Amino acid sequence: MTDELPLVSIIIPVHPAKAEAKAAAASRKLDYPREKLEIIVVRSTDLSTYPSMKRNAAIRAAKGEIIYFLDDDSEPEPQNLRLGIPRFADPGVKMVGGPNVCPPDAPHIEQVFAVVMGSWLAFGPSRARYRPVGRLRASGEKELISCNLLARRDALLEAGGFDESMYPNEENALMEAVRNRGGTLLYDPQMIVYRRPRSNLSSFFRMLSFYGKGRAEQFRLHPGPESIINFAPPLFCLYLLLVWFLPWWGWLPLAAYGLAVLVQTAEAALRSNLWRALCAMPLLALTNILYGCGFWYGLFTRIKPPRTGPAPDIRLETVTA
């Protein structure tokens, strides 16, 4: 039976500020034959080297038929490969992924951020990236995330790999490219990795605006119908600026939004607990506003051109499984 299992290359890009990759140690605990695992840690001392460049270099060097992308702080559940690999028995399946979940022992503020990220009002369909939602299903870039993603190596190469001019949202563009080529992408809510959210309000707010900027840049470089829903937060920001000049009935959408915040808070209280839900309530609206402002900014940023000249300082380290 072991001979029938594909070789899996686990690719872990490491931030220059980190000496250790927690994901490398966690990968050794995966319930999968050791001889069928290749763990590649990708490093660079150059802060301008995007994760897309690191992942592309590792994809080209990988020996595995299946690639498993993890972030350096991802801690996958031991059964993830046993859950995901059988899905590739269908040749049409090109990617399989699941959520990255806040660990239960994380500090209170990180648990609050997790409540926000797992809510429909703040993150829409992308809430499935941050908590298990529903059942195994065909999905797309709104629900899958590169810190917990299995993919066929040949499908990645055929799609041209990650867009090296983008950060973030480079994985979203690649997922769409794979799906546009006829590939099936699956979301499995049981295929979980644990990752800590941002550790303080400042970094959480920067993340939200950064995500908005990345989505706008993705729309500019790879426009498609998937991005239409992401115009809701920037339009909401525009509405907040104009509502002061509208008659009384122009305030009705804002009242409806306030009601939606209350309903989402009640749902979060049932899903998590009341105290966390109440702490998350003001962050729901701030998430939409900061994401929307970041989106507006991203519509006018200068897109980084593809790198030319010498290759970036990228080092591939193969870690013993």
# chains A, B, ... in the order shown; residues from 1 in each chain; ligands from 1
>>> closest_atom_pairs(of="segment 88-168 of chain A", to="segment 189-206 of chain A", cutoff="7 Å", atoms="only C-alpha atoms", output="tab-separated table")
residue	atom	partner	partner_atom	distance
A:Gly97	CA	A:Met191	CA	6.8
A:Gly98	CA	A:Met191	CA	4.9
A:Pro99	CA	A:Ile192	CA	5.4
A:Asn100	CA	A:Val193	CA	4.8
A:Val101	CA	A:Tyr194	CA	4.8
A:Cys102	CA	A:Arg196	CA	5.3
A:Pro103	CA	A:Tyr194	CA	5.5
A:Ala106	CA	A:Arg196	CA	6.9
A:Glu110	CA	A:Pro197	CA	5.6
A:Phe113	CA	A:Pro197	CA	6.8
A:Ala114	CA	A:Pro197	CA	6.8
A:Pro132	CA	A:Pro189	CA	4.5
A:Val133	CA	A:Pro189	CA	5.9
A:Gly134	CA	A:Pro189	CA	6.8
A:Arg135	CA	A:Pro189	CA	6.2
A:Leu136	CA	A:Pro189	CA	6.5
A:Asn148	CA	A:Val193	CA	6.5
>>> atom_distance(atom1="atom CA of Ala24 of chain A", atom2="atom CA of Glu317 of chain A")
10.8 Å
>>> residues_around(residues="His15 of chain A", least_positions_apart="3", cutoff="8 Å", atoms="only C-alpha atoms", output="MDAnalysis selection string")
chainID A and resid 18 43:44 72
>>> closest_residue(among="A:Pro312, A:Val319, A:Leu186, A:Ala61", to="Asp46 of chain A", atoms="only C-alpha atoms")
A:Pro312
>>> closest_residue(among="A:Arg28, A:Glu38, A:Gly92, A:Gly292", to="Leu238 of chain A", atoms="only C-alpha atoms")
A:Gly292
>>> residues_around(residues="segment 240-256 of chain A", least_positions_apart="5", cutoff="12 Å", atoms="only C-alpha atoms", output="ChimeraX atom specification")
/A:233-235,261-263,285,288-289,292-293
>>> residues_around(residues="Pro125 of chain A", least_positions_apart="4", cutoff="7 Å", atoms="only C-alpha atoms", output="number ranges by chain")
A: 120, 142-143
